file final-v1.csv (CSV, C-alpha atoms and all ligand atoms)
chain,number,residue,atom,x,y,z
A,88,MET,CA,21.4,21.8,-0.3
A,89,THR,CA,18.5,23.4,-2.2
A,90,GLU,CA,17.1,26.9,-1.7
A,91,LEU,CA,13.5,25.6,-1.7
A,92,PRO,CA,12.3,22.6,0.2
A,93,LEU,CA,12.9,19.6,-2.2
A,94,PHE,CA,9.3,18.9,-2.8
A,95,ASP,CA,8.6,22.5,-3.8
A,96,LEU,CA,11.6,22.5,-6.0
A,97,LEU,CA,10.4,19.3,-7.8
A,98,LYS,CA,6.9,20.8,-8.1
A,99,SER,CA,8.3,24.0,-9.6
A,100,GLN,CA,10.4,22.0,-12.1
A,101,ALA,CA,7.3,20.2,-13.2
A,102,ALA,CA,4.9,23.1,-12.8
A,103,ASP,CA,3.0,22.7,-16.1
A,104,HIS,CA,2.5,19.0,-15.6
A,105,TRP,CA,1.4,19.6,-12.0
A,106,GLN,CA,-1.2,22.1,-13.2
A,107,ASP,CA,-2.5,19.7,-15.9
A,108,TYR,CA,-2.8,17.0,-13.2
A,109,THR,CA,-4.4,18.9,-10.4
A,110,ARG,CA,-6.7,21.0,-12.5
A,111,HIS,CA,-7.6,18.3,-15.1
A,112,GLU,CA,-10.9,18.4,-17.0
A,113,PHE,CA,-12.0,15.3,-15.1
A,114,LEU,CA,-11.8,17.2,-11.9
A,115,ARG,CA,-13.5,20.3,-13.2
A,116,GLN,CA,-16.5,18.2,-14.2
A,117,MET,CA,-16.3,16.4,-10.9
A,118,GLY,CA,-16.4,19.7,-9.0
A,119,HIS,CA,-19.4,20.9,-11.1
A,120,GLY,CA,-21.1,17.5,-10.4
A,121,SER,CA,-21.4,17.0,-14.2
A,122,LEU,CA,-18.8,14.2,-14.5
A,123,PRO,CA,-20.6,11.3,-16.2
A,124,GLU,CA,-21.0,8.3,-13.8
A,125,ALA,CA,-19.4,6.1,-16.5
A,126,ALA,CA,-16.2,8.1,-16.3
A,127,PHE,CA,-16.1,8.0,-12.5
A,128,ARG,CA,-16.9,4.3,-12.5
A,129,GLU,CA,-14.1,3.4,-14.9
A,130,TYR,CA,-11.7,5.6,-12.9
A,131,LEU,CA,-12.7,4.0,-9.6
A,132,ILE,CA,-12.3,0.4,-10.8
A,133,GLN,CA,-8.9,1.1,-12.2
A,134,ASP,CA,-8.0,3.0,-9.1
A,135,TYR,CA,-8.7,0.0,-7.0
A,136,LEU,CA,-6.2,-2.0,-9.2
A,137,PHE,CA,-3.8,1.0,-9.0
A,138,LEU,CA,-3.9,0.9,-5.2
A,139,ILE,CA,-2.9,-2.8,-5.1
A,140,GLN,CA,0.3,-1.9,-7.0
A,141,PHE,CA,0.8,1.2,-4.9
A,142,SER,CA,0.6,-0.9,-1.7
A,143,ARG,CA,3.4,-3.0,-3.2
A,144,ALA,CA,5.4,0.2,-3.8
A,145,TYR,CA,5.1,1.2,-0.2
A,146,ALA,CA,6.1,-2.3,0.8
A,147,LEU,CA,9.2,-1.9,-1.4
A,148,ALA,CA,9.9,1.4,0.5
A,149,ALA,CA,10.0,-0.6,3.7
A,150,TYR,CA,12.3,-3.1,2.1
A,151,LYS,CA,14.6,-0.4,0.8
A,152,SER,CA,14.8,1.2,4.3
A,153,ARG,CA,17.7,0.9,6.7
A,154,GLU,CA,16.2,2.7,9.7
A,155,PHE,CA,13.0,2.3,11.6
A,156,ALA,CA,12.0,5.9,11.0
A,157,ASP,CA,11.8,5.1,7.2
A,158,ILE,CA,10.2,1.7,7.8
A,159,ARG,CA,7.5,3.5,9.9
A,160,ALA,CA,7.0,6.1,7.1
A,161,ALA,CA,6.5,3.2,4.6
A,162,GLN,CA,4.2,1.4,7.0
A,163,ASP,CA,2.0,4.5,7.5
A,164,GLY,CA,1.9,5.1,3.7
A,165,LEU,CA,0.9,1.5,3.2
A,166,ALA,CA,-1.8,1.7,5.9
A,167,ALA,CA,-3.2,4.9,4.3
A,168,ILE,CA,-3.5,3.2,0.9
A,169,VAL,CA,-5.1,0.1,2.3
A,170,SER,CA,-7.7,2.1,4.3
A,171,GLU,CA,-8.3,4.2,1.2
A,172,THR,CA,-9.7,1.1,-0.6
A,173,ASP,CA,-12.6,1.0,1.8
A,174,LEU,CA,-13.9,4.0,-0.1
A,175,HIS,CA,-13.6,2.1,-3.4
A,176,VAL,CA,-15.3,-1.0,-2.0
A,177,ARG,CA,-18.2,1.1,-0.6
A,178,LEU,CA,-18.8,3.1,-3.7
A,179,CYS,CA,-18.4,0.1,-6.1
A,180,ALA,CA,-20.8,-1.9,-4.0
A,181,ARG,CA,-23.6,0.5,-5.1
A,182,TRP,CA,-23.0,-0.6,-8.7
A,183,GLY,CA,-23.2,-4.2,-7.5
A,184,LEU,CA,-19.5,-4.8,-7.8
A,185,SER,CA,-17.7,-6.9,-5.1
A,186,PRO,CA,-14.0,-6.6,-4.3
A,187,GLU,CA,-13.6,-9.9,-6.2
A,188,ASP,CA,-15.2,-8.3,-9.3
A,189,LEU,CA,-12.8,-5.3,-8.9
A,190,GLU,CA,-9.8,-7.6,-8.6
A,191,ALA,CA,-10.9,-9.5,-11.7
A,192,ALA,CA,-11.1,-6.4,-13.8
A,193,GLU,CA,-8.5,-6.0,-16.6
A,194,GLU,CA,-5.9,-3.4,-15.9
A,195,HIS,CA,-6.0,-0.5,-18.4
A,196,GLN,CA,-2.7,0.5,-20.0
A,197,SER,CA,-2.7,3.7,-18.0
A,198,THR,CA,-2.9,1.7,-14.8
A,199,VAL,CA,-0.1,-0.6,-15.9
A,200,ALA,CA,2.1,2.2,-17.1
A,201,TYR,CA,1.8,4.4,-14.0
A,202,THR,CA,2.2,1.6,-11.4
A,203,ARG,CA,5.0,-0.3,-13.0
A,204,PHE,CA,6.8,3.0,-13.7
A,205,VAL,CA,6.7,3.7,-10.0
A,206,LEU,CA,7.8,0.2,-9.0
A,207,ASP,CA,10.7,0.4,-11.5
A,208,ALA,CA,11.8,3.8,-10.3
A,209,GLY,CA,11.9,2.3,-6.8
A,210,MET,CA,13.6,-0.9,-7.7
A,211,SER,CA,16.3,0.7,-9.8
A,212,GLY,CA,16.8,3.7,-7.6
A,213,ASP,CA,17.2,4.4,-3.9
A,214,LEU,CA,14.6,5.3,-1.3
A,215,LEU,CA,14.5,9.0,-2.3
A,216,ASP,CA,13.8,8.0,-6.0
A,217,LEU,CA,11.0,5.8,-4.8
A,218,HIS,CA,9.4,8.4,-2.5
A,219,VAL,CA,9.7,11.0,-5.3
A,220,ALA,CA,7.9,8.6,-7.6
A,221,LEU,CA,5.2,8.1,-5.0
A,222,ALA,CA,4.8,11.8,-4.1
A,223,PRO,CA,2.4,13.1,-6.8
A,224,CYS,CA,-0.1,10.5,-5.7
A,225,VAL,CA,-0.9,11.3,-2.1
A,226,ILE,CA,0.3,14.9,-2.1
A,227,GLY,CA,-1.6,15.7,-5.4
A,228,TYR,CA,-4.9,14.2,-4.2
A,229,ALA,CA,-4.7,16.2,-0.9
A,230,GLU,CA,-4.2,19.4,-2.9
A,231,ILE,CA,-7.1,18.5,-5.3
A,232,ALA,CA,-9.5,17.7,-2.5
A,233,GLN,CA,-8.7,21.1,-0.8
A,234,TRP,CA,-9.6,22.7,-4.1
A,235,LEU,CA,-12.8,20.8,-4.5
A,236,ALA,CA,-14.0,20.8,-0.9
A,237,PRO,CA,-15.8,24.1,-1.1
A,238,ALA,CA,-18.1,22.6,-3.8
A,239,VAL,CA,-19.2,20.0,-1.3
A,240,GLU,CA,-19.6,22.5,1.5
A,241,ALA,CA,-21.9,24.5,-0.7
A,242,ASN,CA,-23.9,21.4,-1.6
A,243,PRO,CA,-24.1,18.5,0.8
A,244,GLU,CA,-26.0,16.6,-1.9
A,245,HIS,CA,-23.1,16.9,-4.3
A,246,PRO,CA,-22.8,13.6,-6.3
A,247,TYR,CA,-19.1,13.3,-5.6
A,248,ALA,CA,-19.3,14.4,-1.9
A,249,GLU,CA,-18.1,11.1,-0.5
A,250,TRP,CA,-15.0,10.9,-2.8
A,251,ILE,CA,-14.0,14.6,-2.2
A,252,SER,CA,-14.6,14.4,1.5
A,253,GLU,CA,-12.4,11.3,1.8
A,254,TYR,CA,-9.4,13.1,0.4
A,255,ALA,CA,-10.2,16.4,2.2
A,256,SER,CA,-10.3,14.6,5.5
A,257,GLU,CA,-7.8,15.5,8.2
A,258,GLU,CA,-6.6,11.9,8.1
A,259,TYR,CA,-5.7,12.0,4.4
A,260,GLN,CA,-4.4,15.6,4.6
A,261,SER,CA,-2.0,14.5,7.4
A,262,ALA,CA,-0.8,11.5,5.4
A,263,ALA,CA,0.0,13.9,2.6
A,264,ARG,CA,2.0,16.2,5.0
A,265,ALA,CA,3.9,13.1,6.2
A,266,ALA,CA,4.7,12.3,2.6
A,267,VAL,CA,6.2,15.8,2.1
A,268,GLU,CA,8.1,15.4,5.4
A,269,GLN,CA,9.5,12.1,4.3
A,270,ILE,CA,10.8,13.6,1.0
A,271,GLU,CA,12.4,16.4,3.0
A,272,SER,CA,14.0,14.0,5.5
A,273,LEU,CA,15.4,11.8,2.7
A,274,GLY,CA,16.5,14.9,0.8
A,275,ARG,CA,18.5,16.2,3.8
A,276,ARG,CA,20.3,12.8,3.9
A,277,SER,CA,20.8,12.0,0.2
A,278,TYR,CA,19.9,14.9,-2.1
A,279,THR,CA,22.7,16.5,-4.2
A,280,GLU,CA,22.3,18.9,-7.1
A,281,ALA,CA,23.6,16.3,-9.4
A,282,ARG,CA,20.5,14.2,-8.7
A,283,LEU,CA,18.0,17.0,-9.7
A,284,PRO,CA,17.6,16.1,-13.4
A,285,GLU,CA,16.8,12.4,-12.7
A,286,LEU,CA,14.6,13.2,-9.7
A,287,THR,CA,12.7,15.8,-11.9
A,288,ARG,CA,12.3,13.2,-14.6
A,289,VAL,CA,10.8,10.7,-12.1
A,290,PHE,CA,8.5,13.3,-10.5
A,291,SER,CA,7.4,14.7,-13.9
A,292,THR,CA,6.7,11.3,-15.3
A,293,ALA,CA,4.6,10.2,-12.4
A,294,THR,CA,2.7,13.5,-12.6
A,295,ARG,CA,2.0,13.0,-16.3
A,296,MET,CA,0.8,9.5,-15.5
A,297,GLU,CA,-1.7,11.0,-13.1
A,298,SER,CA,-3.1,13.2,-15.8
A,299,ALA,CA,-3.4,10.1,-18.1
A,300,PHE,CA,-5.3,8.4,-15.3
A,301,TRP,CA,-8.0,11.1,-15.2
A,302,GLN,CA,-8.0,11.1,-19.0
A,303,MET,CA,-8.7,7.3,-19.0
A,304,GLY,CA,-11.8,8.0,-17.0
A,305,LEU,CA,-13.0,10.7,-19.4
A,306,ASP,CA,-12.3,8.6,-22.4
A,307,ALA,CA,-14.4,5.7,-21.0
A,308,ALA,CA,-17.5,8.0,-21.0
A,309,GLY,CA,-16.9,8.7,-24.7
A,401,LIG,C1,-4.2,7.4,-9.6
A,401,LIG,C2,-4.2,7.8,-8.1
A,401,LIG,N1,-3.4,8.7,-7.7
A,401,LIG,C3,-3.4,9.0,-6.4
A,401,LIG,C4,-4.2,8.5,-5.5
A,401,LIG,C5,-4.3,8.9,-4.1
A,401,LIG,O1,-4.0,7.8,-3.2
A,401,LIG,C6,-5.1,7.5,-6.0
A,401,LIG,N2,-6.0,6.8,-5.2
A,401,LIG,N3,-5.1,7.2,-7.3

call {"tool": "encode", "arguments": {"input": "final-v1.csv", "output": "structure tokens", "more": "lines below"}}
Ligand SMILES: Cc1ncc(CO)c(N)n1
result
Amino acid sequence: MTELPLFDLLKSQAADHWQDYTRHEFLRQMGHGSLPEAAFREYLIQDYLFLIQFSRAYALAAYKSREFADIRAAQDGLAAIVSETDLHVRLCARWGLSPEDLEAAEEHQSTVAYTRFVLDAGMSGDLLDLHVALAPCVIGYAEIAQWLAPAVEANPEHPYAEWISEYASEEYQSAARAAVEQIESLGRRSYTEARLPELTRVFSTATRMESAFWQMGLDAAG
């Protein structure tokens, strides 16, 4: 058993990386509304490709499950990811990009690195390893949106209102709470202290890959 809930323990082990990810320069500029559209556009196109691979990772979580409770958690995670892509399709349509255009885009190395890392962590490990690799994604975005939401409340014309509101929505926030609960549930069943270094490595790597994903957007705007 751990003293802290497992998710909090992992977050504290990776505190510096978590801070870099959830308070990244990309997000500061987004919050101020000064993020160049080119940065957001590159990010959003790559994120669509990212979500295809993340859907596969949730499907892998279903495959790795032995109980319906875990299959349902994977199904709910998969459904949340698939419905998240409506945002991407809607926003990209304004730039004249269709879902086919998005799917035809070339994957950036940051997208390949992050998604294949998560899939590999899941394939080579057990269900807890996989959910730990998935955790920074949904839980981090929920935290980020809570941080940025006041900027939208102060300015309904905020250029990134739609994106921020999506992740601040009750639906997304509750998906993030379910992701924490799933980690705790798996932790109760299969966490041992001997697993902490490897779980920390998986969690930290995924968190670092999230920062690299924001950086890819910033780099695209020069
Ligand atoms: C890179 C990345 N991380 C997390 C999320 C949240 O689902 C997302 N859409 N993209």

call {"tool": "residues_near_ligand", "arguments": {"input": "final-v1.csv", "ligand": "ligand LIG 401 (chain A)", "cutoff": "10 Å", "atoms": "all atoms listed in the file", "output": "PyMOL selection string"}}
result
chain A and resi 108+130-131+133-138+141-142+164+167-169+171-172+174-175+197-198+201-202+221-229+254+259+262-263+293-294+296-301

call {"tool": "closest_atom_pairs", "arguments": {"input": "final-v1.csv", "of": "stretch 169-271 of chain A", "to": "stretch 155-163 of chain A", "cutoff": "10 Å", "atoms": "all atoms listed in the file", "output": "CSV"}}
result
residue,atom,partner,partner_atom,distance
A:Val169,CA,A:Asp163,CA,9.8
A:Leu214,CA,A:Asp157,CA,9.0
A:His218,CA,A:Ala161,CA,9.3
A:Ala262,CA,A:Asp163,CA,7.8
A:Ala265,CA,A:Ala160,CA,7.7
A:Ala266,CA,A:Ala160,CA,8.0
A:Glu268,CA,A:Ala160,CA,9.5
A:Gln269,CA,A:Ala160,CA,7.1

call {"tool": "residues_around", "arguments": {"input": "final-v1.csv", "residues": "A:Asp107", "least_positions_apart": "4", "cutoff": "9 Å", "atoms": "only C-alpha atoms", "output": "MDAnalysis selection string"}}
result
chainID A and resid 102:103 111:112 294:295 298

call {"tool": "write_last_selection", "arguments": {"input": "final-v1.csv", "atoms": "C-alpha atoms", "output": "mmCIF file, in the frame of the given file"}}
result
data_model
loop_
_atom_site.group_PDB
_atom_site.id
_atom_site.type_symbol
_atom_site.label_atom_id
_atom_site.label_comp_id
_atom_site.auth_asym_id
_atom_site.auth_seq_id
_atom_site.Cartn_x
_atom_site.Cartn_y
_atom_site.Cartn_z
ATOM 1 C CA ALA A 102 4.900 23.100 -12.800
ATOM 2 C CA ASP A 103 3.000 22.700 -16.100
ATOM 3 C CA HIS A 111 -7.600 18.300 -15.100
ATOM 4 C CA GLU A 112 -10.900 18.400 -17.000
ATOM 5 C CA THR A 294 2.700 13.500 -12.600
ATOM 6 C CA ARG A 295 2.000 13.000 -16.300
ATOM 7 C CA SER A 298 -3.100 13.200 -15.800
#

call {"tool": "atom_distance", "arguments": {"input": "final-v1.csv", "atom1": "atom CA of A:Leu184", "atom2": "atom CA of A:Arg128"}}
result
10.6 Å

call {"tool": "closest_residue", "arguments": {"input": "final-v1.csv", "among": "A:Trp250, A:Phe113, A:Trp105, A:Tyr145", "to": "A:Val176", "atoms": "all atoms listed in the file"}}
result
A:Trp250

call {"tool": "atom_distance", "arguments": {"input": "final-v1.csv", "atom1": "atom CA of A:Arg282", "atom2": "atom CA of A:Phe204"}}
result
18.4 Å

call {"tool": "closest_residue", "arguments": {"input": "final-v1.csv", "among": "A:Glu244, A:Glu129, A:Glu249, A:Glu280", "to": "A:Met303", "atoms": "only C-alpha atoms"}}
result
A:Glu129

call {"tool": "residues_around", "arguments": {"input": "final-v1.csv", "residues": "A:Pro237", "least_positions_apart": "3", "cutoff": "12 Å", "atoms": "all atoms listed in the file", "output": "VMD selection string"}}
result
chain A and resid 118 to 119 231 to 234 240 to 243 245 248 251 to 252 255

call {"tool": "atom_distance", "arguments": {"input": "final-v1.csv", "atom1": "atom CA of A:Gln302", "atom2": "atom CA of A:Gln100"}}
result
22.5 Å

call {"tool": "closest_residue", "arguments": {"input": "final-v1.csv", "among": "A:Arg177, A:Ser256, A:Ile270, A:Pro246", "to": "A:Pro123", "atoms": "all atoms listed in the file"}}
result
A:Pro246

call {"tool": "closest_residue", "arguments": {"input": "final-v1.csv", "among": "A:Ala125, A:Ala220, A:Leu114, A:Leu91", "to": "A:Asp207", "atoms": "only C-alpha atoms"}}
result
A:Ala220

call {"tool": "decode", "arguments": {"input": "final-v1.csv", "residues": "stretch 277-290 of chain A", "atoms": "N, CA and C atoms", "output": "compact mmCIF listing (two decimals), in the first residue's frame"}}
result
# COMPACT_ATOMS: atom_id res chain seq x y z
N SER A 277 -3.11 -4.35 -7.85
CA SER A 277 -1.82 -4.87 -8.34
C SER A 277 -0.59 -4.01 -8.04
N TYR A 278 -0.77 -2.91 -7.29
CA TYR A 278 0.42 -2.10 -6.97
C TYR A 278 1.23 -2.74 -5.86
N THR A 279 2.55 -2.76 -6.04
CA THR A 279 3.47 -3.09 -4.94
C THR A 279 4.58 -2.05 -5.02
N GLU A 280 5.24 -1.82 -3.90
CA GLU A 280 6.29 -0.81 -3.88
C GLU A 280 7.40 -1.12 -4.88
N ALA A 281 7.62 -2.40 -5.13
CA ALA A 281 8.66 -2.80 -6.09
C ALA A 281 8.36 -2.28 -7.49
N ARG A 282 7.10 -1.97 -7.75
CA ARG A 282 6.73 -1.50 -9.09
C ARG A 282 6.91 0.01 -9.26
N LEU A 283 7.15 0.71 -8.14
CA LEU A 283 7.16 2.18 -8.21
C LEU A 283 8.19 2.75 -9.20
N PRO A 284 9.46 2.25 -9.22
CA PRO A 284 10.40 2.85 -10.18
C PRO A 284 9.94 2.74 -11.63
N GLU A 285 9.43 1.58 -12.01
CA GLU A 285 9.01 1.39 -13.40
C GLU A 285 7.74 2.21 -13.70
N LEU A 286 6.80 2.22 -12.77
CA LEU A 286 5.58 3.02 -13.00
C LEU A 286 5.93 4.51 -13.08
N THR A 287 6.88 4.94 -12.26
CA THR A 287 7.31 6.34 -12.30
C THR A 287 7.97 6.66 -13.63
N ARG A 288 8.77 5.71 -14.12
CA ARG A 288 9.43 5.92 -15.42
C ARG A 288 8.38 6.07 -16.53
N VAL A 289 7.38 5.22 -16.51
CA VAL A 289 6.33 5.28 -17.53
C VAL A 289 5.57 6.61 -17.43
N PHE A 290 5.18 6.97 -16.22
CA PHE A 290 4.40 8.20 -16.00
C PHE A 290 5.22 9.44 -16.39
